[in-house]
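Trainee: My structure file protein39.cif, mmCIF, C-alpha atoms, pLDDT in the B column; chains and numbers go by the auth columns, is below:
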data_structure
loop_
_atom_site.group_PDB
_atom_site.id
_atom_site.type_symbol
_atom_site.label_atom_id
_atom_site.label_comp_id
_atom_site.label_asym_id
_atom_site.label_seq_id
_atom_site.Cartn_x
_atom_site.Cartn_y
_atom_site.Cartn_z
_atom_site.B_iso_or_equiv
_atom_site.auth_seq_id
_atom_site.auth_asym_id
ATOM 1 C CA MET A 1 184.028 37.717 54.244 79.00 1043 Y
ATOM 2 C CA LEU A 2 181.919 37.826 51.089 84.00 1044 Y
ATOM 3 C CA ARG A 3 178.745 38.049 53.173 88.00 1045 Y
ATOM 4 C CA TYR A 4 180.197 41.004 55.098 85.00 1046 Y
ATOM 5 C CA LEU A 5 181.143 42.832 51.893 87.00 1047 Y
ATOM 6 C CA ALA A 6 177.695 42.195 50.417 91.00 1048 Y
ATOM 7 C CA SER A 7 176.003 43.576 53.539 90.00 1049 Y
ATOM 8 C CA ARG A 8 178.242 46.671 53.497 88.00 1050 Y
ATOM 9 C CA LEU A 9 177.541 47.234 49.796 92.00 1051 Y
ATOM 10 C CA ALA A 10 173.792 46.876 50.406 95.00 1052 Y
ATOM 11 C CA ALA A 11 174.029 49.405 53.237 94.00 1053 Y
ATOM 12 C CA TYR A 12 175.905 51.865 50.989 91.00 1054 Y
ATOM 13 C CA VAL A 13 173.319 51.513 48.237 92.00 1055 Y
ATOM 14 C CA ALA A 14 170.469 51.989 50.731 95.00 1056 Y
ATOM 15 C CA VAL A 15 172.074 55.140 52.139 94.00 1057 Y
ATOM 16 C CA ILE A 16 172.599 56.572 48.651 88.00 1058 Y
ATOM 17 C CA VAL A 17 169.001 55.835 47.580 90.00 1059 Y
ATOM 18 C CA PHE A 18 167.631 57.269 50.852 94.00 1060 Y
ATOM 19 C CA GLY A 19 169.810 60.380 50.531 91.00 1061 Y
ATOM 20 C CA VAL A 20 168.846 61.032 46.922 88.00 1062 Y
ATOM 21 C CA THR A 21 165.163 60.476 47.762 93.00 1063 Y
ATOM 22 C CA PHE A 22 165.449 62.908 50.692 93.00 1064 Y
ATOM 23 C CA ILE A 23 167.112 65.486 48.429 88.00 1065 Y
ATOM 24 C CA PHE A 24 164.269 65.079 45.934 90.00 1066 Y
ATOM 25 C CA PHE A 25 161.389 65.461 48.389 92.00 1067 Y
ATOM 26 C CA LEU A 26 162.783 68.142 50.709 89.00 1068 Y
ATOM 27 C CA PRO A 27 162.383 71.115 48.319 85.00 1069 Y
ATOM 28 C CA ARG A 28 158.964 69.866 47.253 86.00 1070 Y
ATOM 29 C CA LEU A 29 157.735 69.918 50.868 88.00 1071 Y
ATOM 30 C CA LEU A 30 158.557 73.600 51.281 86.00 1072 Y
ATOM 31 C CA PRO A 31 155.536 75.916 51.197 89.00 1073 Y
ATOM 32 C CA SER A 32 156.986 78.099 48.419 86.00 1074 Y
ATOM 33 C CA ASP A 33 157.266 77.476 44.698 87.00 1075 Y
ATOM 34 C CA PRO A 34 160.874 77.912 43.492 87.00 1076 Y
ATOM 35 C CA VAL A 35 159.744 79.023 40.036 89.00 1077 Y
ATOM 36 C CA GLU A 36 157.505 81.772 41.433 89.00 1078 Y
ATOM 37 C CA ALA A 37 160.275 82.830 43.830 87.00 1079 Y
ATOM 38 C CA MET A 38 162.701 83.108 40.910 87.00 1080 Y
ATOM 39 C CA LEU A 39 160.183 85.113 38.867 87.00 1081 Y
ATOM 40 C CA GLY A 40 159.554 87.394 41.845 86.00 1082 Y
ATOM 41 C CA LYS A 41 163.283 87.973 42.262 84.00 1083 Y
ATOM 42 C CA ILE A 42 163.666 88.865 38.577 82.00 1084 Y
ATOM 43 C CA GLN A 43 160.678 91.211 38.608 82.00 1085 Y
ATOM 44 C CA SER A 44 161.764 92.879 41.864 86.00 1086 Y
ATOM 45 C CA GLN A 45 164.996 93.968 40.173 85.00 1087 Y
ATOM 46 C CA GLY A 46 162.970 96.464 38.170 78.00 1088 Y
ATOM 47 C CA GLN A 47 162.832 94.546 34.921 75.00 1089 Y
ATOM 48 C CA TYR A 48 159.529 94.769 33.126 80.00 1090 Y
ATOM 49 C CA MET A 49 158.377 91.737 31.168 82.00 1091 Y
ATOM 50 C CA GLU A 50 155.291 91.154 29.072 88.00 1092 Y
ATOM 51 C CA GLN A 51 152.924 88.436 30.298 89.00 1093 Y
ATOM 52 C CA ALA A 52 153.949 86.195 27.388 92.00 1094 Y
ATOM 53 C CA GLN A 53 157.604 86.539 28.440 90.00 1095 Y
ATOM 54 C CA VAL A 54 156.720 85.715 32.044 89.00 1096 Y
ATOM 55 C CA ASP A 55 154.779 82.637 30.927 92.00 1097 Y
ATOM 56 C CA ALA A 56 157.645 81.487 28.678 93.00 1098 Y
ATOM 57 C CA LEU A 57 160.169 81.995 31.489 90.00 1099 Y
ATOM 58 C CA ARG A 58 157.885 80.167 33.951 92.00 1100 Y
ATOM 59 C CA SER A 59 157.639 77.218 31.557 93.00 1101 Y
ATOM 60 C CA SER A 60 161.385 77.228 30.949 91.00 1102 Y
ATOM 61 C CA LEU A 61 162.212 77.311 34.690 91.00 1103 Y
ATOM 62 C CA THR A 62 159.643 74.608 35.451 91.00 1104 Y
ATOM 63 C CA ASP A 63 161.312 72.402 32.857 90.00 1105 Y
ATOM 64 C CA ALA A 64 164.854 73.254 34.039 88.00 1106 Y
ATOM 65 C CA PHE A 65 163.999 72.417 37.663 89.00 1107 Y
ATOM 66 C CA GLY A 66 162.284 69.173 36.609 88.00 1108 Y
ATOM 67 C CA LEU A 67 158.892 70.187 38.009 89.00 1109 Y
ATOM 68 C CA LYS A 68 156.742 69.118 35.051 91.00 1110 Y
ATOM 69 C CA GLY A 69 154.433 66.142 35.469 90.00 1111 Y
ATOM 70 C CA SER A 70 153.167 64.306 38.523 92.00 1112 Y
ATOM 71 C CA LEU A 71 155.304 63.784 41.610 91.00 1113 Y
ATOM 72 C CA ALA A 72 155.904 60.142 40.627 94.00 1114 Y
ATOM 73 C CA GLU A 73 157.031 61.163 37.117 95.00 1115 Y
ATOM 74 C CA GLN A 74 159.322 63.842 38.560 93.00 1116 Y
ATOM 75 C CA TYR A 75 160.821 61.338 40.997 94.00 1117 Y
ATOM 76 C CA GLY A 76 161.412 58.761 38.243 93.00 1118 Y
ATOM 77 C CA ARG A 77 163.138 61.283 35.990 93.00 1119 Y
ATOM 78 C CA PHE A 78 165.201 62.629 38.906 92.00 1120 Y
ATOM 79 C CA MET A 79 166.381 59.179 40.044 90.00 1121 Y
ATOM 80 C CA LYS A 80 167.221 58.181 36.477 91.00 1122 Y
ATOM 81 C CA ARG A 81 169.184 61.387 35.896 90.00 1123 Y
ATOM 82 C CA VAL A 82 171.028 61.265 39.234 88.00 1124 Y
ATOM 83 C CA LEU A 83 171.850 57.565 39.353 83.00 1125 Y
ATOM 84 C CA LEU A 84 172.782 57.169 35.682 88.00 1126 Y
ATOM 85 C CA THR A 85 174.531 60.469 34.952 90.00 1127 Y
ATOM 86 C CA GLY A 86 175.241 62.023 38.359 86.00 1128 Y
ATOM 87 C CA ASP A 87 173.386 65.173 37.279 89.00 1129 Y
ATOM 88 C CA PHE A 88 171.403 66.754 40.146 88.00 1130 Y
ATOM 89 C CA GLY A 89 170.199 69.577 37.911 88.00 1131 Y
ATOM 90 C CA PRO A 90 170.451 73.305 38.589 89.00 1132 Y
ATOM 91 C CA SER A 91 170.549 74.664 42.119 87.00 1133 Y
ATOM 92 C CA LEU A 92 167.293 76.208 43.290 81.00 1134 Y
ATOM 93 C CA ALA A 93 169.127 78.702 45.503 82.00 1135 Y
ATOM 94 C CA MET A 94 172.064 79.493 43.215 85.00 1136 Y
ATOM 95 C CA TYR A 95 170.464 79.205 39.774 84.00 1137 Y
ATOM 96 C CA PRO A 96 171.890 78.524 37.143 85.00 1138 Y
ATOM 97 C CA THR A 97 174.842 76.878 38.929 91.00 1139 Y
ATOM 98 C CA PRO A 98 174.626 73.066 38.645 92.00 1140 Y
ATOM 99 C CA VAL A 99 174.403 71.220 41.958 90.00 1141 Y
ATOM 100 C CA ARG A 100 177.248 68.964 40.785 90.00 1142 Y
ATOM 101 C CA GLN A 101 179.541 72.018 40.634 94.00 1143 Y
ATOM 102 C CA LEU A 102 178.528 73.087 44.150 92.00 1144 Y
ATOM 103 C CA ILE A 103 179.324 69.593 45.440 91.00 1145 Y
ATOM 104 C CA LEU A 104 182.700 69.528 43.671 92.00 1146 Y
ATOM 105 C CA ASP A 105 183.556 72.962 45.094 94.00 1147 Y
ATOM 106 C CA SER A 106 182.777 71.718 48.623 92.00 1148 Y
ATOM 107 C CA LEU A 107 184.663 68.402 48.453 92.00 1149 Y
ATOM 108 C CA PRO A 108 188.121 69.758 49.391 92.00 1150 Y
ATOM 109 C CA TRP A 109 186.683 71.297 52.558 93.00 1151 Y
ATOM 110 C CA THR A 110 184.808 68.092 53.339 89.00 1152 Y
ATOM 111 C CA PHE A 111 187.964 65.990 52.978 88.00 1153 Y
ATOM 112 C CA GLY A 112 189.895 68.489 55.100 88.00 1154 Y
ATOM 113 C CA LEU A 113 187.339 68.192 57.887 88.00 1155 Y
ATOM 114 C CA LEU A 114 187.361 64.417 57.545 83.00 1156 Y
ATOM 115 C CA LEU A 115 191.133 64.327 57.865 85.00 1157 Y
ATOM 116 C CA THR A 116 191.108 66.502 60.989 85.00 1158 Y
ATOM 117 C CA ALA A 117 188.397 64.333 62.529 82.00 1159 Y
ATOM 118 C CA VAL A 118 190.058 60.991 61.757 79.00 1160 Y
ATOM 119 C CA GLN A 119 193.761 61.742 62.169 79.00 1161 Y
ATOM 120 C CA PRO A 120 193.939 62.512 65.942 79.00 1162 Y
ATOM 121 C CA PRO A 121 192.062 59.342 67.010 76.00 1163 Y
ATOM 122 C CA ALA A 122 194.142 57.261 64.578 72.00 1164 Y
ATOM 123 C CA GLU A 123 197.355 58.699 66.023 78.00 1165 Y
ATOM 124 C CA ALA A 124 196.126 58.095 69.572 77.00 1166 Y
ATOM 125 C CA ALA A 125 195.287 54.489 68.744 76.00 1167 Y
ATOM 126 C CA ALA A 126 198.705 53.979 67.146 78.00 1168 Y
ATOM 127 C CA GLU A 127 200.487 55.389 70.226 80.00 1169 Y
ATOM 128 C CA SER A 128 198.534 53.244 72.673 76.00 1170 Y
ATOM 129 C CA SER A 129 199.385 49.973 70.926 69.00 1171 Y
#
What would you get if you wrote out this structure as structure tokens?

Mentor:
Amino acid sequence: MLRYLASRLAAYVAVIVFGVTFIFFLPRLLPSDPVEAMLGKIQSQGQYMEQAQVDALRSSLTDAFGLKGSLAEQYGRFMKRVLLTGDFGPSLAMYPTPVRQLILDSLPWTFGLLLTAVQPPAEAAAESS
């Protein structure tokens, strides 16, 4: 029994590490730069900014999104932040909303779908036995 629980725990840990790694690399494989996209969105709204302001905002967004340093340094900081504090940082698509808040907002719907997916088969199994 202990061996089974250890194997299940190892599988859970592996899935979590793989998922977090996938979440880290997926946005970095996209051909666009999220910081430049954010700056373009701000400037397209008709707001004029001096070059020094644009540079300061670019630096601030790069830091907020955790894009400073090499890919290995970014990955190390991301894993440390996610695994130790549960902080995924700000959303790239819904900035400045934290990803943690987006996940918490979606959990009730996820559990509702889980319940509707699990309940009918469980009831069918209970009726057949």

Trainee: With the cut-off set at 12 Å and counting all atoms listed in the file, tabulate each residue of segment 1122-1167 of chain Y with an atom at most that distance from an atom of segment 1064-1069 of chain Y, showing the nearest atom pair and its distance in Å to one decimal, ordered by chain and increasing number, as JSON lines.

Mentor:
{"residue": "Y:Arg1123", "atom": "CA", "partner": "Y:Phe1066", "partner_atom": "CA", "distance": 11.8}
{"residue": "Y:Val1124", "atom": "CA", "partner": "Y:Phe1066", "partner_atom": "CA", "distance": 10.3}
{"residue": "Y:Phe1130", "atom": "CA", "partner": "Y:Phe1066", "partner_atom": "CA", "distance": 9.3}
{"residue": "Y:Gly1131", "atom": "CA", "partner": "Y:Phe1066", "partner_atom": "CA", "distance": 10.9}
{"residue": "Y:Ser1133", "atom": "CA", "partner": "Y:Pro1069", "partner_atom": "CA", "distance": 10.8}
{"residue": "Y:Leu1134", "atom": "CA", "partner": "Y:Pro1069", "partner_atom": "CA", "distance": 8.7}
{"residue": "Y:Ala1135", "atom": "CA", "partner": "Y:Pro1069", "partner_atom": "CA", "distance": 10.5}
{"residue": "Y:Val1141", "atom": "CA", "partner": "Y:Ile1065", "partner_atom": "CA", "distance": 11.3}

Trainee: Let's have the selection written as an mmCIF file, keeping the file's coordinate frame, with C-alpha atoms.

Mentor:
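So selection.cif came out as:
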data_model
loop_
_atom_site.group_PDB
_atom_site.id
_atom_site.type_symbol
_atom_site.label_atom_id
_atom_site.label_comp_id
_atom_site.auth_asym_id
_atom_site.auth_seq_id
_atom_site.Cartn_x
_atom_site.Cartn_y
_atom_site.Cartn_z
ATOM 1 C CA ARG Y 1123 169.184 61.387 35.896
ATOM 2 C CA VAL Y 1124 171.028 61.265 39.234
ATOM 3 C CA PHE Y 1130 171.403 66.754 40.146
ATOM 4 C CA GLY Y 1131 170.199 69.577 37.911
ATOM 5 C CA SER Y 1133 170.549 74.664 42.119
ATOM 6 C CA LEU Y 1134 167.293 76.208 43.290
ATOM 7 C CA ALA Y 1135 169.127 78.702 45.503
ATOM 8 C CA VAL Y 1141 174.403 71.220 41.958
#

Trainee: How many Å separate atom CA of Ala1053 of chain Y from atom CA of Ala1164 of chain Y?

Mentor: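 Atom-to-atom, atom CA of Ala1053 of chain Y to atom CA of Ala1164 of chain Y, that is 24.4 Å.
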
Trainee: Nearest residue to Gly1128 of chain Y out of Y:Leu1155, Y:Ile1145, Y:Leu1113, Y:Val1057, using only C-alpha atoms?

Mentor: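 For Gly1128 of chain Y, the nearest of the candidates is Y:Ile1145.
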
Trainee: Give me the box for segment 1088-1094 of chain Y as AutoDock Vina command-line options, namely the centre and edge lengths in Å to one decimal of a box along x, y and z that holds every listed atom plus 8 Å on each side.

Mentor:
--center_x 157.9 --center_y 91.3 --center_z 32.8 --size_x 26.0 --size_y 26.3 --size_z 26.8

Trainee: So what do you get for atom CA of Ser1112 of chain Y versus atom CA of Arg1070 of chain Y, distance-wise?

Mentor: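 Interatomic distance here is 11.9 Å.
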